[in-house]
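Raw contents of run.pdb, PDB, C-alpha atoms:
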```pdb
ATOM      1  CA  MET A   1      26.532 -54.769 -16.548  1.00  0.00           C
ATOM      2  CA  ASP A   2      28.857 -54.869 -13.521  1.00  0.00           C
ATOM      3  CA  GLU A   3      31.928 -56.747 -14.678  1.00  0.00           C
ATOM      4  CA  SER A   4      34.909 -57.313 -12.406  1.00  0.00           C
ATOM      5  CA  VAL A   5      37.962 -55.392 -13.564  1.00  0.00           C
ATOM      6  CA  ASP A   6      39.638 -58.809 -13.782  1.00  0.00           C
ATOM      7  CA  ASP A   7      37.124 -59.810 -16.452  1.00  0.00           C
ATOM      8  CA  PRO A   8      39.183 -60.531 -19.618  1.00  0.00           C
ATOM      9  CA  SER A   9      36.314 -59.223 -21.749  1.00  0.00           C
ATOM     10  CA  LEU A  10      37.278 -55.690 -20.690  1.00  0.00           C
ATOM     11  CA  LEU A  11      40.557 -56.075 -22.586  1.00  0.00           C
ATOM     12  CA  ALA A  12      39.334 -58.366 -25.362  1.00  0.00           C
ATOM     13  CA  GLU A  13      38.977 -57.753 -29.063  1.00  0.00           C
ATOM     14  CA  THR A  14      35.393 -57.783 -30.310  1.00  0.00           C
ATOM     15  CA  GLU A  15      33.573 -57.295 -33.584  1.00  0.00           C
ATOM     16  CA  PHE A  16      33.789 -53.516 -33.276  1.00  0.00           C
ATOM     17  CA  ILE A  17      36.579 -53.008 -30.739  1.00  0.00           C
ATOM     18  CA  ASP A  18      39.195 -54.564 -33.036  1.00  0.00           C
ATOM     19  CA  HIS A  19      42.236 -53.127 -31.299  1.00  0.00           C
ATOM     20  CA  GLY A  20      44.594 -55.713 -32.794  1.00  0.00           C
ATOM     21  CA  HIS A  21      44.142 -54.102 -36.205  1.00  0.00           C
ATOM     22  CA  PRO A  22      47.206 -52.178 -37.491  1.00  0.00           C
ATOM     23  CA  ALA A  23      45.152 -48.998 -37.927  1.00  0.00           C
ATOM     24  CA  VAL A  24      44.320 -48.927 -34.216  1.00  0.00           C
ATOM     25  CA  SER A  25      47.896 -49.790 -33.234  1.00  0.00           C
ATOM     26  CA  GLU A  26      49.202 -46.953 -35.389  1.00  0.00           C
ATOM     27  CA  PHE A  27      46.662 -44.528 -33.903  1.00  0.00           C
ATOM     28  CA  VAL A  28      47.819 -45.451 -30.394  1.00  0.00           C
ATOM     29  CA  GLU A  29      51.468 -45.121 -31.338  1.00  0.00           C
ATOM     30  CA  ARG A  30      50.883 -41.630 -32.737  1.00  0.00           C
ATOM     31  CA  ALA A  31      48.931 -40.577 -29.655  1.00  0.00           C
ATOM     32  CA  LEU A  32      51.679 -41.757 -27.293  1.00  0.00           C
ATOM     33  CA  ASP A  33      54.677 -40.814 -29.437  1.00  0.00           C
ATOM     34  CA  GLY A  34      57.693 -39.494 -27.562  1.00  0.00           C
ATOM     35  CA  THR A  35      56.112 -39.534 -24.114  1.00  0.00           C
ATOM     36  CA  GLY A  36      58.394 -42.205 -22.591  1.00  0.00           C
ATOM     37  CA  ARG A  37      57.255 -44.139 -19.530  1.00  0.00           C
ATOM     38  CA  ARG A  38      53.679 -43.366 -18.527  1.00  0.00           C
ATOM     39  CA  THR A  39      51.201 -44.239 -15.830  1.00  0.00           C
ATOM     40  CA  PRO A  40      47.862 -45.663 -16.997  1.00  0.00           C
ATOM     41  CA  ILE A  41      46.230 -42.285 -16.278  1.00  0.00           C
ATOM     42  CA  GLU A  42      48.834 -40.432 -18.334  1.00  0.00           C
ATOM     43  CA  THR A  43      48.231 -42.891 -21.167  1.00  0.00           C
ATOM     44  CA  ALA A  44      44.462 -42.420 -20.898  1.00  0.00           C
ATOM     45  CA  VAL A  45      44.793 -38.624 -21.019  1.00  0.00           C
ATOM     46  CA  LEU A  46      46.845 -38.802 -24.224  1.00  0.00           C
ATOM     47  CA  LEU A  47      44.442 -41.249 -25.843  1.00  0.00           C
ATOM     48  CA  PHE A  48      41.422 -39.156 -24.864  1.00  0.00           C
ATOM     49  CA  ASN A  49      42.963 -36.007 -26.348  1.00  0.00           C
ATOM     50  CA  ALA A  50      43.931 -37.836 -29.541  1.00  0.00           C
ATOM     51  CA  VAL A  51      40.394 -39.110 -30.131  1.00  0.00           C
ATOM     52  CA  ARG A  52      38.742 -35.832 -29.103  1.00  0.00           C
ATOM     53  CA  ASP A  53      40.800 -33.548 -31.350  1.00  0.00           C
ATOM     54  CA  GLY A  54      42.222 -35.932 -33.946  1.00  0.00           C
ATOM     55  CA  ILE A  55      38.774 -36.740 -35.354  1.00  0.00           C
ATOM     56  CA  ARG A  56      36.472 -33.774 -35.955  1.00  0.00           C
ATOM     57  CA  TYR A  57      32.888 -34.163 -34.760  1.00  0.00           C
ATOM     58  CA  ASP A  58      30.309 -34.556 -37.516  1.00  0.00           C
ATOM     59  CA  PRO A  59      26.840 -35.901 -36.579  1.00  0.00           C
ATOM     60  CA  TYR A  60      25.961 -36.373 -40.245  1.00  0.00           C
ATOM     61  CA  ARG A  61      28.436 -39.278 -40.525  1.00  0.00           C
ATOM     62  CA  CYS A  62      25.829 -41.614 -38.997  1.00  0.00           C
ATOM     63  CA  SER A  63      25.646 -44.786 -41.108  1.00  0.00           C
ATOM     64  CA  ARG A  64      23.972 -48.189 -41.317  1.00  0.00           C
ATOM     65  CA  ASP A  65      27.202 -49.862 -42.418  1.00  0.00           C
ATOM     66  CA  PRO A  66      28.658 -51.963 -39.551  1.00  0.00           C
ATOM     67  CA  ASP A  67      32.144 -51.553 -41.002  1.00  0.00           C
ATOM     68  CA  ALA A  68      31.973 -47.807 -40.325  1.00  0.00           C
ATOM     69  CA  TYR A  69      31.711 -48.472 -36.584  1.00  0.00           C
ATOM     70  CA  ARG A  70      34.804 -50.658 -36.198  1.00  0.00           C
ATOM     71  CA  ALA A  71      37.648 -48.961 -34.369  1.00  0.00           C
ATOM     72  CA  SER A  72      40.012 -49.743 -37.245  1.00  0.00           C
ATOM     73  CA  ALA A  73      37.812 -47.736 -39.637  1.00  0.00           C
ATOM     74  CA  VAL A  74      37.226 -44.904 -37.165  1.00  0.00           C
ATOM     75  CA  ALA A  75      40.986 -44.500 -36.681  1.00  0.00           C
ATOM     76  CA  LEU A  76      41.340 -43.666 -40.384  1.00  0.00           C
ATOM     77  CA  ALA A  77      38.398 -41.253 -40.649  1.00  0.00           C
ATOM     78  CA  PRO A  78      38.982 -37.478 -40.391  1.00  0.00           C
ATOM     79  CA  THR A  79      35.452 -36.885 -39.053  1.00  0.00           C
ATOM     80  CA  ASN A  80      32.935 -38.890 -37.052  1.00  0.00           C
ATOM     81  CA  TRP A  81      30.318 -38.708 -34.309  1.00  0.00           C
ATOM     82  CA  CYS A  82      30.119 -39.694 -30.661  1.00  0.00           C
ATOM     83  CA  VAL A  83      29.463 -43.437 -30.973  1.00  0.00           C
ATOM     84  CA  PRO A  84      32.319 -44.362 -33.358  1.00  0.00           C
ATOM     85  CA  LYS A  85      34.714 -42.018 -31.527  1.00  0.00           C
ATOM     86  CA  SER A  86      33.862 -43.792 -28.263  1.00  0.00           C
ATOM     87  CA  VAL A  87      34.484 -47.172 -29.883  1.00  0.00           C
ATOM     88  CA  LEU A  88      37.948 -45.968 -30.919  1.00  0.00           C
ATOM     89  CA  LEU A  89      38.781 -44.632 -27.450  1.00  0.00           C
ATOM     90  CA  CYS A  90      37.670 -47.921 -25.906  1.00  0.00           C
ATOM     91  CA  ALA A  91      39.819 -49.870 -28.382  1.00  0.00           C
ATOM     92  CA  ALA A  92      42.850 -47.627 -27.837  1.00  0.00           C
ATOM     93  CA  ALA A  93      42.525 -48.069 -24.075  1.00  0.00           C
ATOM     94  CA  ARG A  94      42.270 -51.867 -24.298  1.00  0.00           C
ATOM     95  CA  ALA A  95      45.243 -51.915 -26.648  1.00  0.00           C
ATOM     96  CA  SER A  96      47.174 -50.076 -23.929  1.00  0.00           C
ATOM     97  CA  GLY A  97      46.169 -52.532 -21.197  1.00  0.00           C
ATOM     98  CA  ILE A  98      43.460 -50.321 -19.675  1.00  0.00           C
ATOM     99  CA  PRO A  99      40.121 -52.082 -18.981  1.00  0.00           C
ATOM    100  CA  ALA A 100      37.445 -50.304 -20.984  1.00  0.00           C
ATOM    101  CA  ARG A 101      33.831 -50.587 -22.031  1.00  0.00           C
ATOM    102  CA  LEU A 102      31.175 -48.478 -23.770  1.00  0.00           C
ATOM    103  CA  GLY A 103      28.487 -46.408 -22.068  1.00  0.00           C
ATOM    104  CA  PHE A 104      25.375 -44.795 -23.532  1.00  0.00           C
ATOM    105  CA  ALA A 105      22.760 -42.259 -22.514  1.00  0.00           C
ATOM    106  CA  ASP A 106      19.962 -40.288 -24.131  1.00  0.00           C
ATOM    107  CA  VAL A 107      20.713 -36.555 -23.974  1.00  0.00           C
ATOM    108  CA  ARG A 108      19.008 -33.323 -24.949  1.00  0.00           C
ATOM    109  CA  ASN A 109      21.283 -30.833 -26.694  1.00  0.00           C
ATOM    110  CA  HIS A 110      19.717 -27.423 -26.092  1.00  0.00           C
ATOM    111  CA  LEU A 111      22.194 -25.861 -28.559  1.00  0.00           C
ATOM    112  CA  THR A 112      21.486 -28.193 -31.496  1.00  0.00           C
ATOM    113  CA  SER A 113      21.941 -26.413 -34.816  1.00  0.00           C
ATOM    114  CA  GLU A 114      18.711 -25.539 -36.655  1.00  0.00           C
ATOM    115  CA  ARG A 115      19.590 -27.754 -39.615  1.00  0.00           C
ATOM    116  CA  LEU A 116      20.433 -30.761 -37.461  1.00  0.00           C
ATOM    117  CA  HIS A 117      17.244 -30.269 -35.433  1.00  0.00           C
ATOM    118  CA  ALA A 118      15.247 -30.173 -38.674  1.00  0.00           C
ATOM    119  CA  ALA A 119      16.956 -33.287 -40.039  1.00  0.00           C
ATOM    120  CA  MET A 120      16.406 -35.286 -36.845  1.00  0.00           C
ATOM    121  CA  GLY A 121      13.067 -33.778 -35.877  1.00  0.00           C
ATOM    122  CA  THR A 122      14.190 -33.276 -32.274  1.00  0.00           C
ATOM    123  CA  ASP A 123      16.999 -32.050 -30.043  1.00  0.00           C
ATOM    124  CA  VAL A 124      17.136 -35.378 -28.184  1.00  0.00           C
ATOM    125  CA  PHE A 125      20.120 -37.537 -29.109  1.00  0.00           C
ATOM    126  CA  MET A 126      19.459 -41.173 -28.331  1.00  0.00           C
ATOM    127  CA  TRP A 127      22.368 -43.473 -27.530  1.00  0.00           C
ATOM    128  CA  HIS A 128      24.923 -40.718 -27.009  1.00  0.00           C
ATOM    129  CA  GLY A 129      28.138 -42.712 -26.660  1.00  0.00           C
ATOM    130  CA  TYR A 130      31.098 -42.388 -24.340  1.00  0.00           C
ATOM    131  CA  ALA A 131      33.914 -44.656 -23.205  1.00  0.00           C
ATOM    132  CA  GLU A 132      34.336 -45.948 -19.671  1.00  0.00           C
ATOM    133  CA  LEU A 133      37.930 -46.567 -18.544  1.00  0.00           C
ATOM    134  CA  HIS A 134      38.999 -48.240 -15.293  1.00  0.00           C
ATOM    135  CA  LEU A 135      41.874 -46.317 -13.696  1.00  0.00           C
ATOM    136  CA  ASP A 136      43.174 -46.219 -10.118  1.00  0.00           C
ATOM    137  CA  GLY A 137      40.361 -48.376  -8.805  1.00  0.00           C
ATOM    138  CA  ARG A 138      37.382 -46.581 -10.353  1.00  0.00           C
ATOM    139  CA  TRP A 139      35.490 -46.175 -13.601  1.00  0.00           C
ATOM    140  CA  PHE A 140      35.718 -42.887 -15.487  1.00  0.00           C
ATOM    141  CA  LYS A 141      33.116 -41.832 -18.081  1.00  0.00           C
ATOM    142  CA  LEU A 142      34.803 -40.000 -20.957  1.00  0.00           C
ATOM    143  CA  SER A 143      32.967 -38.262 -23.787  1.00  0.00           C
ATOM    144  CA  SER A 144      35.428 -37.525 -26.577  1.00  0.00           C
ATOM    145  CA  ALA A 145      32.811 -36.412 -29.126  1.00  0.00           C
ATOM    146  CA  PHE A 146      33.367 -32.653 -29.417  1.00  0.00           C
ATOM    147  CA  ASN A 147      36.755 -31.509 -30.699  1.00  0.00           C
ATOM    148  CA  LEU A 148      38.351 -28.305 -29.399  1.00  0.00           C
ATOM    149  CA  GLU A 149      37.699 -26.249 -32.545  1.00  0.00           C
ATOM    150  CA  MET A 150      34.009 -27.145 -32.578  1.00  0.00           C
ATOM    151  CA  CYS A 151      33.618 -26.257 -28.893  1.00  0.00           C
ATOM    152  CA  GLU A 152      35.125 -22.838 -29.560  1.00  0.00           C
ATOM    153  CA  ARG A 153      32.762 -22.353 -32.508  1.00  0.00           C
ATOM    154  CA  PHE A 154      29.678 -23.176 -30.430  1.00  0.00           C
ATOM    155  CA  GLY A 155      30.866 -21.363 -27.303  1.00  0.00           C
ATOM    156  CA  VAL A 156      30.852 -24.433 -25.063  1.00  0.00           C
ATOM    157  CA  GLY A 157      33.603 -25.557 -22.721  1.00  0.00           C
ATOM    158  CA  VAL A 158      35.918 -28.183 -24.114  1.00  0.00           C
ATOM    159  CA  LEU A 159      35.826 -31.466 -22.209  1.00  0.00           C
ATOM    160  CA  SER A 160      39.161 -32.333 -20.650  1.00  0.00           C
ATOM    161  CA  PHE A 161      40.378 -35.296 -18.633  1.00  0.00           C
ATOM    162  CA  ASP A 162      43.175 -35.287 -16.069  1.00  0.00           C
ATOM    163  CA  GLY A 163      42.475 -38.535 -14.231  1.00  0.00           C
ATOM    164  CA  THR A 164      40.527 -36.975 -11.348  1.00  0.00           C
ATOM    165  CA  ASP A 165      36.931 -36.867 -12.630  1.00  0.00           C
ATOM    166  CA  ASP A 166      34.612 -37.857 -15.461  1.00  0.00           C
ATOM    167  CA  ALA A 167      34.566 -35.916 -18.733  1.00  0.00           C
ATOM    168  CA  LEU A 168      30.863 -35.635 -19.527  1.00  0.00           C
ATOM    169  CA  MET A 169      29.022 -32.965 -21.481  1.00  0.00           C
ATOM    170  CA  HIS A 170      28.611 -29.601 -19.765  1.00  0.00           C
ATOM    171  CA  PRO A 171      25.082 -28.639 -18.678  1.00  0.00           C
ATOM    172  CA  TYR A 172      25.660 -24.979 -19.646  1.00  0.00           C
ATOM    173  CA  ASP A 173      27.678 -23.081 -22.228  1.00  0.00           C
ATOM    174  CA  SER A 174      30.134 -20.252 -21.522  1.00  0.00           C
ATOM    175  CA  THR A 175      27.311 -17.680 -21.376  1.00  0.00           C
ATOM    176  CA  GLY A 176      25.081 -19.676 -19.045  1.00  0.00           C
ATOM    177  CA  ARG A 177      22.693 -21.079 -21.669  1.00  0.00           C
ATOM    178  CA  ARG A 178      21.464 -24.636 -21.200  1.00  0.00           C
ATOM    179  CA  HIS A 179      23.650 -27.010 -23.196  1.00  0.00           C
ATOM    180  CA  MET A 180      23.537 -30.753 -22.551  1.00  0.00           C
ATOM    181  CA  GLU A 181      20.947 -32.492 -20.408  1.00  0.00           C
ATOM    182  CA  TYR A 182      21.366 -36.201 -19.589  1.00  0.00           C
ATOM    183  CA  LEU A 183      17.953 -37.871 -19.723  1.00  0.00           C
ATOM    184  CA  ARG A 184      18.364 -41.647 -19.420  1.00  0.00           C
ATOM    185  CA  SER A 185      21.218 -44.125 -19.127  1.00  0.00           C
ATOM    186  CA  HIS A 186      21.363 -47.254 -21.285  1.00  0.00           C
ATOM    187  CA  GLY A 187      24.132 -48.761 -19.169  1.00  0.00           C
ATOM    188  CA  SER A 188      27.530 -50.238 -20.052  1.00  0.00           C
ATOM    189  CA  PHE A 189      28.480 -52.703 -22.780  1.00  0.00           C
ATOM    190  CA  GLU A 190      31.492 -54.853 -23.651  1.00  0.00           C
ATOM    191  CA  ASP A 191      30.885 -54.223 -27.351  1.00  0.00           C
ATOM    192  CA  LEU A 192      28.787 -51.903 -29.495  1.00  0.00           C
ATOM    193  CA  PRO A 193      25.041 -52.827 -29.487  1.00  0.00           C
ATOM    194  CA  LEU A 194      24.655 -51.531 -33.031  1.00  0.00           C
ATOM    195  CA  ASP A 195      21.424 -53.344 -33.876  1.00  0.00           C
ATOM    196  CA  ARG A 196      19.657 -51.787 -30.864  1.00  0.00           C
ATOM    197  CA  ILE A 197      21.001 -48.337 -31.689  1.00  0.00           C
ATOM    198  CA  LEU A 198      19.930 -48.443 -35.334  1.00  0.00           C
ATOM    199  CA  ALA A 199      16.494 -49.838 -34.450  1.00  0.00           C
ATOM    200  CA  ASP A 200      15.873 -46.915 -32.099  1.00  0.00           C
ATOM    201  CA  PHE A 201      17.184 -44.433 -34.666  1.00  0.00           C
ATOM    202  CA  ASP A 202      14.767 -45.801 -37.269  1.00  0.00           C
ATOM    203  CA  GLU A 203      11.889 -45.383 -34.829  1.00  0.00           C
ATOM    204  CA  PHE A 204      12.711 -41.941 -33.490  1.00  0.00           C
ATOM    205  CA  TYR A 205      14.556 -40.343 -36.435  1.00  0.00           C
ATOM    206  CA  PRO A 206      12.667 -41.686 -39.482  1.00  0.00           C
ATOM    207  CA  GLY A 207      14.607 -41.048 -42.670  1.00  0.00           C
ATOM    208  CA  PHE A 208      17.691 -39.595 -40.987  1.00  0.00           C
ATOM    209  CA  LEU A 209      19.868 -42.585 -41.831  1.00  0.00           C
ATOM    210  CA  GLU A 210      18.796 -42.619 -45.451  1.00  0.00           C
ATOM    211  CA  GLY A 211      20.288 -39.294 -46.624  1.00  0.00           C
ATOM    212  CA  PRO A 212      21.045 -37.163 -48.454  1.00  0.00           C
ATOM    213  CA  ARG A 213      22.067 -34.976 -45.513  1.00  0.00           C
ATOM    214  CA  PRO A 214      21.677 -31.181 -45.560  1.00  0.00           C
ATOM    215  CA  ALA A 215      24.824 -29.085 -45.724  1.00  0.00           C
ATOM    216  CA  ASP A 216      25.466 -27.710 -42.246  1.00  0.00           C
ATOM    217  CA  PRO A 217      28.288 -25.137 -42.094  1.00  0.00           C
ATOM    218  CA  GLN A 218      28.381 -25.322 -38.315  1.00  0.00           C
ATOM    219  CA  PHE A 219      30.038 -28.746 -38.582  1.00  0.00           C
ATOM    220  CA  ALA A 220      32.237 -27.979 -41.587  1.00  0.00           C
ATOM    221  CA  GLY A 221      36.000 -28.120 -41.290  1.00  0.00           C
TER     222      GLY A 221
END
```

Rendering of file as structure tokens:
Amino acid sequence: MDESVDDPSLLAETEFIDHGHPAVSEFVERALDGTGRRTPIETAVLLFNAVRDGIRYDPYRCSRDPDAYRASAVALAPTNWCVPKSVLLCAAARASGIPARLGFADVRNHLTSERLHAAMGTDVFMWHGYAELHLDGRWFKLSSAFNLEMCERFGVGVLSFDGTDDALMHPYDSTGRRHMEYLRSHGSFEDLPLDRILADFDEFYPGFLEGPRPADPQFAG
């Protein structure tokens, strides 16, 4: 959807983007602690880094429970996956006065671990989530899924954001191997379309949401 940046929905609280919750407020305060006066871009950079590295990536955290996807719950979790982390970044941005929304795309991860590939039955990740923040007159797409330590473990470049370009998954790793391939966009949303996401997961990843999940040392802390 193509909302105007003056649209109040881009700063509003929603069922999942509950940025008025104390847990989200405290997350934002920690991310911005001691930085003094900031431009919106400087704020966005700090929030992006806090979500990226403050919550370790774990694709096995995928759940049916709607409560697990609310920003207030994500802010308190030590690990999570791309969709909840994007919800938190969107909430933190709105709490800081930055218009924000959620974006989704289907991607193929050519470096998917063998155990995750076996559990999902594919290397295609449907509804890969990222946050979209409006800064200096344009929308930026920011994927905060992969924390620094995990990127180093897999040999892929860490995604960084400095306010000049999007932060989307790299197509190649540090050795030139294919990494992330964007296949199809689902567009932008004011709130998390959880029912649509779970319905597609049930169709394309039968049994994955039911558990138990295999131990995968590549995503261990």

>> What would the selection look like, as a PyMOL selection string, if the PyMOL selection byres ((chain A and resi 88) around 12) were run on the coordinates I just shared?
In response: chain A and resi 13+16-21+23-25+27-28+47-48+50-52+54-55+68-77+80-87+89-95+100-102+129-132+143-145+191-192

> Between atom CA of Ser185 of chain A and atom CA of Tyr205 of chain A, what is the spacing in Å?
Replying inline: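 Here the two named atoms are 18.9 Å from each other.
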
Each residue of segment 4-97 of chain A with at least one atom at most 12 Å from segment 111-118 of chain A should appear once, together with its nearest atom pair and the corresponding distance in Å (one decimal); atoms considered: all atoms listed in the file; ordering: chain, then increasing residue number; output as a Markdown table.
```
| residue | atom | partner | partner_atom | distance |
| --- | --- | --- | --- | --- |
| A:Asp58 | CA | A:Leu116 | CA | 10.6 |
| A:Pro59 | CA | A:Leu116 | CA | 8.3 |
| A:Tyr60 | CA | A:Leu116 | CA | 8.4 |
```

>> Which residues would end up in the selection if the PyMOL selection byres ((chain A and resi 158) around 8) were applied here, given that I need the answer as a PyMOL selection string?
In response: chain A and resi 146-148+151-152+156-157+159-160

> By how many Å are atom CA of Gly163 of chain A and atom CA of Asp33 of chain A apart?
Replying inline: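 According to the coordinates, atom CA of Gly163 of chain A and atom CA of Asp33 of chain A are separated by 19.6 Å.
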
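The nearest approach to Cys62 of chain A among the residues A:Gly207, A:Gly34, A:Pro40, A:Gly155, with only C-alpha atoms taken into account, belongs to A:Gly207.
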
All residues 9 Å or closer to Leu135 of chain A, all atoms listed in the file, same chain fewer than 4 positions away omitted, as a JSON list (two decimals) with C-alpha atoms, keeping the file's coordinate frame:
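Result file is result-v3.json:
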```json
[["chain", "number", "residue", "atom", "x", "y", "z"],
["A", 40, "PRO", "CA", 47.86, -45.66, -17.00],
["A", 41, "ILE", "CA", 46.23, -42.28, -16.28],
["A", 44, "ALA", "CA", 44.46, -42.42, -20.90],
["A", 98, "ILE", "CA", 43.46, -50.32, -19.68],
["A", 99, "PRO", "CA", 40.12, -52.08, -18.98],
["A", 139, "TRP", "CA", 35.49, -46.18, -13.60],
["A", 140, "PHE", "CA", 35.72, -42.89, -15.49],
["A", 163, "GLY", "CA", 42.48, -38.53, -14.23]]
```

> Which of these, A:Thr122, A:Ser96, A:Glu181, A:Gly187, has the shortest distance to Arg38 of chain A once you count only C-alpha atoms?
Replying inline: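 Checking each candidate against Arg38 of chain A, we get A:Ser96 as the closest.
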
> Which residues fall under the PyMOL selection byres ((chain A and resi 125) around 6) in this file, as a list of chain:residue names?
Replying inline: A:Asp106, A:Val107, A:Val124, A:Met126

Deliver the residues from the most recent selection as a file, using C-alpha atoms, as a PDB file, keeping the file's coordinate frame.
```
ATOM      1  CA  ASP A 106      19.962 -40.288 -24.131  1.00  0.00           C
ATOM      2  CA  VAL A 107      20.713 -36.555 -23.974  1.00  0.00           C
ATOM      3  CA  VAL A 124      17.136 -35.378 -28.184  1.00  0.00           C
ATOM      4  CA  MET A 126      19.459 -41.173 -28.331  1.00  0.00           C
TER       5      MET A 126
END
```

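Taking all atoms listed in the file into account, Ala167 of chain A lies nearest to A:Lys141 out of the set A:Arg37, A:Arg196, A:Arg56, A:Lys141.
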
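When all atoms listed in the file are used to compute distances to Thr79 of chain A, the closest of the residues A:Met169, A:Met150, A:Ile197, A:Val5 turns out to be A:Met150.
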
> So how many Å separate atom CA of Pro8 of chain A and atom CA of Gly103 of chain A, to one decimal?
Replying inline: 17.9 Å

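Between Ser188 of chain A and the candidates A:Asp67, A:Leu133, A:Thr164, A:Leu11, the tightest atom-to-atom separation, counting all atoms listed in the file, involves A:Leu133.
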
>> From the options A:Ser63, A:Glu29, A:Gly97, A:Trp127, which residue's atoms come nearest to Asp200 of chain A, counting all atoms listed in the file?
In response: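 Smallest distance to Asp200 of chain A is found for A:Trp127.
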